[in-house]
Amino acid sequence: MVDLSEQRPSDIPIVILDTETTGLMPQMGHRVVEIGAIRLENWQEVGRMNTLVQPGRKMDAGASRVNGISDADLVGQPAFADIADELLTMLDGALVVAHNASFDAGFIGMEYFIHSFARQEDFPAFNNPWLCTLQMARRQFYFGRNNLGHIARQLGVRMGRSHRALNDVYTTAEILKRMVHDLDKRGLSTVGDLLHTQGGIIYAPPPPQVFLPDVIRDAVRDGRNLRILYLGKKGESRRIITPLYPTQHKGSDYLIAHCHTAHDQRTFKVNRILDAVPL
């Protein structure tokens with residue numbers, strides 16, 4: 001566990017991070033499509049990441065309208081597996097900062113679960129504490145509204161194009177510096193103090209613990225298709241799927257899979273898969 005609580009922010013590595021995604025729910029199959037991050041040491045930039053990410057699924061129309069990223073933009077881009085090690089190196093030993101950190105931590109944690117599950121590897125030691133400028137704004141400041149753009153305008157921070165990862169990272173970094181300066185004048189000077197101001201430490205969620213029948217787990221491991229009998233809302237149907245990875249949401253176990261019948265990614269409740277036959 002990374003313990004930075006007694007350190008001052010200027011004495012530790014800080015990674016400011018932002019993601020853009022296909023939608024809002026990583027536990028229901030949404031994926032990261034862009035990562036922006038900078039690593040600061042003594043408030044000086046010493047590392048940067050800025051990349052689109054091929055999610056292996058289509059963008060939701062609503063997400064695309066917000067971030068301006070289309071399916072065409074993602075053709076030929078690296079998969080998360082291609083940049084996973086680079087990102088872990090950047091995060092090593094750092095306090096991670098994001099505006100709405102629970103959102104970004106949830107997506108990054110799920111991406112590392114998918115990465116490790118597909119390779120039958122242990123989940124990486126992804127245990128950095130996260131600091132959330134959104135929660136700090138809500139609890140310690142009075143901006144009226146707490147979206148990134150409004151806070152930036154209130155603090156006189158120049159912004160690039162919003163809802164693109166690296167632009168939002170630099171905006172968040174400048175907001176963080178102003179917040180830290182203000183809180184330091186109130187006697188809140190350590191990382192532990194800052195984490196307390198947001199209501200406690202935020203971590204990426206642990207990997208889901210889902211029981212998959214052997215036939216499904218073997219198909220994931222071997223990259224094989226399955227013919228399944230599925231009990232959906234409209235009754236039973238037969239599908240041909242490529243199973244990808246399991247998730248959990250609101251106490252239920254799900255399987256994320258590419259459905260060849262629908263020609264798109266689909267989410268299946270595990271307990272509604274009545275039969276599965278390898279192809």
# chains A, B, ... in the order shown; residues from 1 in each chain; ligands from 1
$ select_by_dssp --residues "range 11-238 of chain A" --states "strand (DSSP E or B)" --output "number ranges by chain"
A: 13-21, 32-41, 44-52, 54, 79, 95-98, 130-132, 202, 226-232, 235-238
$ closest_atom_pairs --of "range 17-76 of chain A" --to "range 100-111 of chain A" --cutoff "9 Å" --atoms "only C-alpha atoms" --output "Markdown table"
| residue | atom | partner | partner_atom | distance |
| --- | --- | --- | --- | --- |
| A:Leu17 | CA | A:Asp104 | CA | 7.9 |
| A:Asp18 | CA | A:Asp104 | CA | 6.6 |
| A:Thr19 | CA | A:Asp104 | CA | 6.1 |
| A:Glu20 | CA | A:Asp104 | CA | 8.7 |
| A:Thr21 | CA | A:Phe107 | CA | 8.3 |
| A:Leu24 | CA | A:Phe103 | CA | 8.2 |
| A:Met25 | CA | A:Phe107 | CA | 8.1 |
| A:Pro26 | CA | A:Phe107 | CA | 5.6 |
| A:Gln27 | CA | A:Met110 | CA | 7.4 |
| A:His30 | CA | A:Phe107 | CA | 8.3 |
| A:Arg31 | CA | A:Phe107 | CA | 7.0 |
| A:Val32 | CA | A:Phe107 | CA | 6.7 |
$ write_last_selection --atoms "N, CA and C atoms" --output "PDB file, in the first residue's frame"
ATOM      1  N   LEU A  17      -4.539  12.599 -13.867  1.00  0.00           N
ATOM      2  CA  LEU A  17      -5.009  11.656 -14.888  1.00  0.00           C
ATOM      3  C   LEU A  17      -6.446  11.963 -15.271  1.00  0.00           C
ATOM      4  N   ASP A  18      -6.756  11.720 -16.547  1.00  0.00           N
ATOM      5  CA  ASP A  18      -8.133  11.836 -17.010  1.00  0.00           C
ATOM      6  C   ASP A  18      -8.381  10.781 -18.076  1.00  0.00           C
ATOM      7  N   THR A  19      -9.590  10.254 -18.102  1.00  0.00           N
ATOM      8  CA  THR A  19      -9.974   9.293 -19.125  1.00  0.00           C
ATOM      9  C   THR A  19     -11.185   9.800 -19.887  1.00  0.00           C
ATOM     10  N   GLU A  20     -11.270   9.403 -21.147  1.00  0.00           N
ATOM     11  CA  GLU A  20     -12.509   9.492 -21.908  1.00  0.00           C
ATOM     12  C   GLU A  20     -12.933   8.055 -22.193  1.00  0.00           C
ATOM     13  N   THR A  21     -14.235   7.810 -22.264  1.00  0.00           N
ATOM     14  CA  THR A  21     -14.739   6.438 -22.265  1.00  0.00           C
ATOM     15  C   THR A  21     -15.889   6.267 -23.256  1.00  0.00           C
ATOM     16  N   LEU A  24     -20.631   5.282 -19.409  1.00  0.00           N
ATOM     17  CA  LEU A  24     -20.477   5.664 -18.007  1.00  0.00           C
ATOM     18  C   LEU A  24     -20.241   4.500 -17.048  1.00  0.00           C
ATOM     19  N   MET A  25     -20.387   3.248 -17.493  1.00  0.00           N
ATOM     20  CA  MET A  25     -20.416   2.138 -16.544  1.00  0.00           C
ATOM     21  C   MET A  25     -19.389   1.067 -16.909  1.00  0.00           C
ATOM     22  N   PRO A  26     -18.198   1.103 -16.296  1.00  0.00           N
ATOM     23  CA  PRO A  26     -17.192   0.087 -16.609  1.00  0.00           C
ATOM     24  C   PRO A  26     -17.630  -1.315 -16.226  1.00  0.00           C
ATOM     25  N   GLN A  27     -18.449  -1.429 -15.190  1.00  0.00           N
ATOM     26  CA  GLN A  27     -18.893  -2.749 -14.750  1.00  0.00           C
ATOM     27  C   GLN A  27     -19.934  -3.359 -15.683  1.00  0.00           C
ATOM     28  N   HIS A  30     -18.461  -0.853 -20.514  1.00  0.00           N
ATOM     29  CA  HIS A  30     -17.882   0.338 -21.122  1.00  0.00           C
ATOM     30  C   HIS A  30     -16.377   0.360 -20.896  1.00  0.00           C
ATOM     31  N   ARG A  31     -15.674   0.983 -21.832  1.00  0.00           N
ATOM     32  CA  ARG A  31     -14.218   0.903 -21.842  1.00  0.00           C
ATOM     33  C   ARG A  31     -13.588   2.295 -22.020  1.00  0.00           C
ATOM     34  N   VAL A  32     -12.317   2.376 -21.693  1.00  0.00           N
ATOM     35  CA  VAL A  32     -11.533   3.599 -21.869  1.00  0.00           C
ATOM     36  C   VAL A  32     -11.181   3.769 -23.354  1.00  0.00           C
TER      37      VAL A  32
END
$ select_by_dssp --residues "range 48-78 of chain A" --states "alpha helix (DSSP H)" --output "VMD selection string"
chain A and resid 61 to 67 71 to 74
$ write_last_selection --atoms "C-alpha atoms" --output "PDB file, in the first residue's frame"
ATOM      1  CA  ALA A  61     -23.715   7.932 -29.119  1.00  0.00           C
ATOM      2  CA  GLY A  62     -24.092  10.013 -25.951  1.00  0.00           C
ATOM      3  CA  ALA A  63     -20.448   9.601 -24.975  1.00  0.00           C
ATOM      4  CA  SER A  64     -19.330  10.457 -28.489  1.00  0.00           C
ATOM      5  CA  ARG A  65     -21.364  13.671 -28.423  1.00  0.00           C
ATOM      6  CA  VAL A  66     -19.638  14.714 -25.192  1.00  0.00           C
ATOM      7  CA  ASN A  67     -16.010  13.864 -25.978  1.00  0.00           C
ATOM      8  CA  ASP A  71     -15.420   4.855 -33.800  1.00  0.00           C
ATOM      9  CA  ALA A  72     -13.454   5.988 -36.854  1.00  0.00           C
ATOM     10  CA  ASP A  73     -11.011   7.875 -34.604  1.00  0.00           C
ATOM     11  CA  LEU A  74     -10.211   4.642 -32.766  1.00  0.00           C
TER      12      LEU A  74
END
$ residues_around --residues "Arg139 in chain A" --least-positions-apart "5" --cutoff "9 Å" --atoms "only C-alpha atoms" --output "PDB file with C-alpha atoms, in the first residue's frame"
ATOM      1  CA  LEU A 134     -14.336  17.503  -7.476  1.00  0.00           C
ATOM      2  CA  THR A 197     -10.659  17.222   2.989  1.00  0.00           C
ATOM      3  CA  GLN A 198     -12.284  15.043   0.318  1.00  0.00           C
ATOM      4  CA  GLY A 199     -13.852  12.730   2.903  1.00  0.00           C
TER       5      GLY A 199
END
$ closest_atom_pairs --of "range 49-117 of chain A" --to "range 242-257 of chain A" --cutoff "10 Å" --atoms "only C-alpha atoms" --output "CSV"
residue,atom,partner,partner_atom,distance
A:Met110,CA,A:Thr247,CA,8.9
A:Phe113,CA,A:Tyr245,CA,8.9
A:Ile114,CA,A:Tyr245,CA,6.5
A:His115,CA,A:Tyr245,CA,9.6
A:Phe117,CA,A:Tyr245,CA,7.1
$ closest_residue --among "A:Leu176, A:Val157, A:Leu226, A:Ile12" --to "Asp92 in chain A" --atoms "only C-alpha atoms"
A:Ile12
$ closest_residue --among "A:Asp218, A:Gly68, A:Met136, A:Leu166" --to "Asp182 in chain A" --atoms "only C-alpha atoms"
A:Met136
$ closest_residue --among "A:Leu231, A:Val191, A:Ala204, A:Val33" --to "Leu4 in chain A" --atoms "only C-alpha atoms"
A:Val191
$ residues_around --residues "Ile38 in chain A" --least-positions-apart "3" --cutoff "7 Å" --atoms "only C-alpha atoms" --output "ChimeraX atom specification"
/A:15-17,45,47-49
$ atom_distance --atom1 "CA of Gln7 in chain A" --atom2 "CA of Asp193 in chain A"
9.7 Å
$ residues_around --residues "Asp214 in chain A" --least-positions-apart "5" --cutoff "12 Å" --atoms "only C-alpha atoms" --output "PyMOL selection string"
chain A and resi 219-222+275-278
$ write_last_selection --atoms "N, CA and C atoms" --output "short mmCIF file (atom, residue, chain, number, x, y, z; two decimals), in the first residue's frame"
data_model
loop_
_atom_site.label_atom_id
_atom_site.label_comp_id
_atom_site.auth_asym_id
_atom_site.auth_seq_id
_atom_site.Cartn_x
_atom_site.Cartn_y
_atom_site.Cartn_z
N ALA A 219 -13.29 -21.13 -22.58
CA ALA A 219 -13.45 -20.44 -23.85
C ALA A 219 -12.74 -19.09 -23.84
N VAL A 220 -12.81 -18.39 -22.70
CA VAL A 220 -12.06 -17.13 -22.57
C VAL A 220 -10.56 -17.40 -22.70
N ARG A 221 -10.10 -18.40 -21.99
CA ARG A 221 -8.67 -18.71 -22.00
C ARG A 221 -8.18 -19.09 -23.39
N ASP A 222 -8.99 -19.86 -24.12
CA ASP A 222 -8.55 -20.39 -25.41
C ASP A 222 -8.98 -19.52 -26.58
N ASP A 275 -27.26 -22.83 -21.23
CA ASP A 275 -26.41 -23.87 -21.81
C ASP A 275 -25.32 -23.18 -22.62
N ALA A 276 -24.15 -23.80 -22.68
CA ALA A 276 -23.04 -23.25 -23.45
C ALA A 276 -22.24 -24.40 -24.04
N VAL A 277 -22.03 -24.35 -25.36
CA VAL A 277 -21.33 -25.42 -26.08
C VAL A 277 -20.18 -24.80 -26.85
N PRO A 278 -18.96 -25.30 -26.68
CA PRO A 278 -17.82 -24.76 -27.43
C PRO A 278 -17.98 -25.04 -28.94
#
$ residues_around --residues "range 145-152 of chain A" --least-positions-apart "3" --cutoff "9 Å" --atoms "only C-alpha atoms" --output "list in words"
His99, Thr133, Leu134, Gln135, Ala137, Arg138, Tyr142, Leu155, Gly156, Val157, Arg158, Met159, Ser162, Asp168, Thr171, Thr172, Glu174 and Ile175 of chain A
$ atom_distance --atom1 "CA of Ile216 in chain A" --atom2 "CA of Gly232 in chain A"
18.2 Å
$ residues_around --residues "Ile273 in chain A" --least-positions-apart "5" --cutoff "9 Å" --atoms "only C-alpha atoms" --output "PyMOL selection string"
chain A and resi 228-231+268
$ decode --residues "range 219-242 of chain A" --atoms "N, CA and C atoms" --output "mmCIF file, in the first residue's frame"
data_model
loop_
_atom_site.group_PDB
_atom_site.id
_atom_site.type_symbol
_atom_site.label_atom_id
_atom_site.label_comp_id
_atom_site.auth_asym_id
_atom_site.auth_seq_id
_atom_site.Cartn_x
_atom_site.Cartn_y
_atom_site.Cartn_z
ATOM 1 N N ALA A 219 -13.286 -21.133 -22.576
ATOM 2 C CA ALA A 219 -13.452 -20.439 -23.852
ATOM 3 C C ALA A 219 -12.744 -19.089 -23.838
ATOM 4 N N VAL A 220 -12.806 -18.393 -22.696
ATOM 5 C CA VAL A 220 -12.064 -17.133 -22.573
ATOM 6 C C VAL A 220 -10.563 -17.396 -22.704
ATOM 7 N N ARG A 221 -10.097 -18.403 -21.988
ATOM 8 C CA ARG A 221 -8.669 -18.711 -21.999
ATOM 9 C C ARG A 221 -8.181 -19.088 -23.391
ATOM 10 N N ASP A 222 -8.986 -19.862 -24.118
ATOM 11 C CA ASP A 222 -8.554 -20.389 -25.412
ATOM 12 C C ASP A 222 -8.984 -19.517 -26.584
ATOM 13 N N GLY A 223 -9.730 -18.450 -26.307
ATOM 14 C CA GLY A 223 -10.207 -17.602 -27.388
ATOM 15 C C GLY A 223 -11.217 -18.292 -28.292
ATOM 16 N N ARG A 224 -12.047 -19.185 -27.724
ATOM 17 C CA ARG A 224 -13.006 -19.944 -28.520
ATOM 18 C C ARG A 224 -14.397 -19.339 -28.428
ATOM 19 N N ASN A 225 -15.183 -19.571 -29.454
ATOM 20 C CA ASN A 225 -16.573 -19.139 -29.459
ATOM 21 C C ASN A 225 -17.440 -20.166 -28.745
ATOM 22 N N LEU A 226 -18.593 -19.697 -28.306
ATOM 23 C CA LEU A 226 -19.587 -20.563 -27.675
ATOM 24 C C LEU A 226 -20.936 -20.371 -28.344
ATOM 25 N N ARG A 227 -21.703 -21.453 -28.418
ATOM 26 C CA ARG A 227 -23.113 -21.341 -28.746
ATOM 27 C C ARG A 227 -23.870 -21.450 -27.433
ATOM 28 N N ILE A 228 -24.610 -20.400 -27.093
ATOM 29 C CA ILE A 228 -25.295 -20.395 -25.797
ATOM 30 C C ILE A 228 -26.794 -20.359 -25.988
ATOM 31 N N LEU A 229 -27.485 -20.882 -24.993
ATOM 32 C CA LEU A 229 -28.929 -20.715 -24.861
ATOM 33 C C LEU A 229 -29.136 -19.720 -23.731
ATOM 34 N N TYR A 230 -29.760 -18.575 -24.051
ATOM 35 C CA TYR A 230 -29.846 -17.479 -23.082
ATOM 36 C C TYR A 230 -31.302 -17.122 -22.821
ATOM 37 N N LEU A 231 -31.628 -16.940 -21.557
ATOM 38 C CA LEU A 231 -32.971 -16.524 -21.151
ATOM 39 C C LEU A 231 -32.971 -15.013 -20.981
ATOM 40 N N GLY A 232 -33.446 -14.313 -21.985
ATOM 41 C CA GLY A 232 -33.515 -12.862 -21.931
ATOM 42 C C GLY A 232 -34.898 -12.376 -21.584
ATOM 43 N N LYS A 233 -35.103 -11.072 -21.688
ATOM 44 C CA LYS A 233 -36.396 -10.480 -21.336
ATOM 45 C C LYS A 233 -37.521 -10.971 -22.243
ATOM 46 N N LYS A 234 -37.164 -11.365 -23.476
ATOM 47 C CA LYS A 234 -38.182 -11.808 -24.427
ATOM 48 C C LYS A 234 -38.235 -13.331 -24.548
ATOM 49 N N GLY A 235 -37.596 -14.012 -23.597
ATOM 50 C CA GLY A 235 -37.610 -15.462 -23.629
ATOM 51 C C GLY A 235 -36.261 -16.032 -24.035
ATOM 52 N N GLU A 236 -36.249 -17.324 -24.351
ATOM 53 C CA GLU A 236 -35.002 -18.004 -24.678
ATOM 54 C C GLU A 236 -34.574 -17.707 -26.111
ATOM 55 N N SER A 237 -33.252 -17.608 -26.298
ATOM 56 C CA SER A 237 -32.700 -17.420 -27.638
ATOM 57 C C SER A 237 -31.335 -18.077 -27.697
ATOM 58 N N ARG A 238 -30.941 -18.475 -28.899
ATOM 59 C CA ARG A 238 -29.612 -19.049 -29.095
ATOM 60 C C ARG A 238 -28.709 -18.000 -29.726
ATOM 61 N N ARG A 239 -27.519 -17.886 -29.194
ATOM 62 C CA ARG A 239 -26.556 -16.899 -29.678
ATOM 63 C C ARG A 239 -25.201 -17.581 -29.876
ATOM 64 N N ILE A 240 -24.410 -17.040 -30.761
ATOM 65 C CA ILE A 240 -22.995 -17.402 -30.854
ATOM 66 C C ILE A 240 -22.206 -16.216 -30.324
ATOM 67 N N ILE A 241 -21.371 -16.471 -29.323
ATOM 68 C CA ILE A 241 -20.646 -15.386 -28.667
ATOM 69 C C ILE A 241 -19.159 -15.714 -28.561
ATOM 70 N N THR A 242 -18.374 -14.659 -28.441
ATOM 71 C CA THR A 242 -16.979 -14.771 -28.026
ATOM 72 C C THR A 242 -16.894 -14.181 -26.631
#
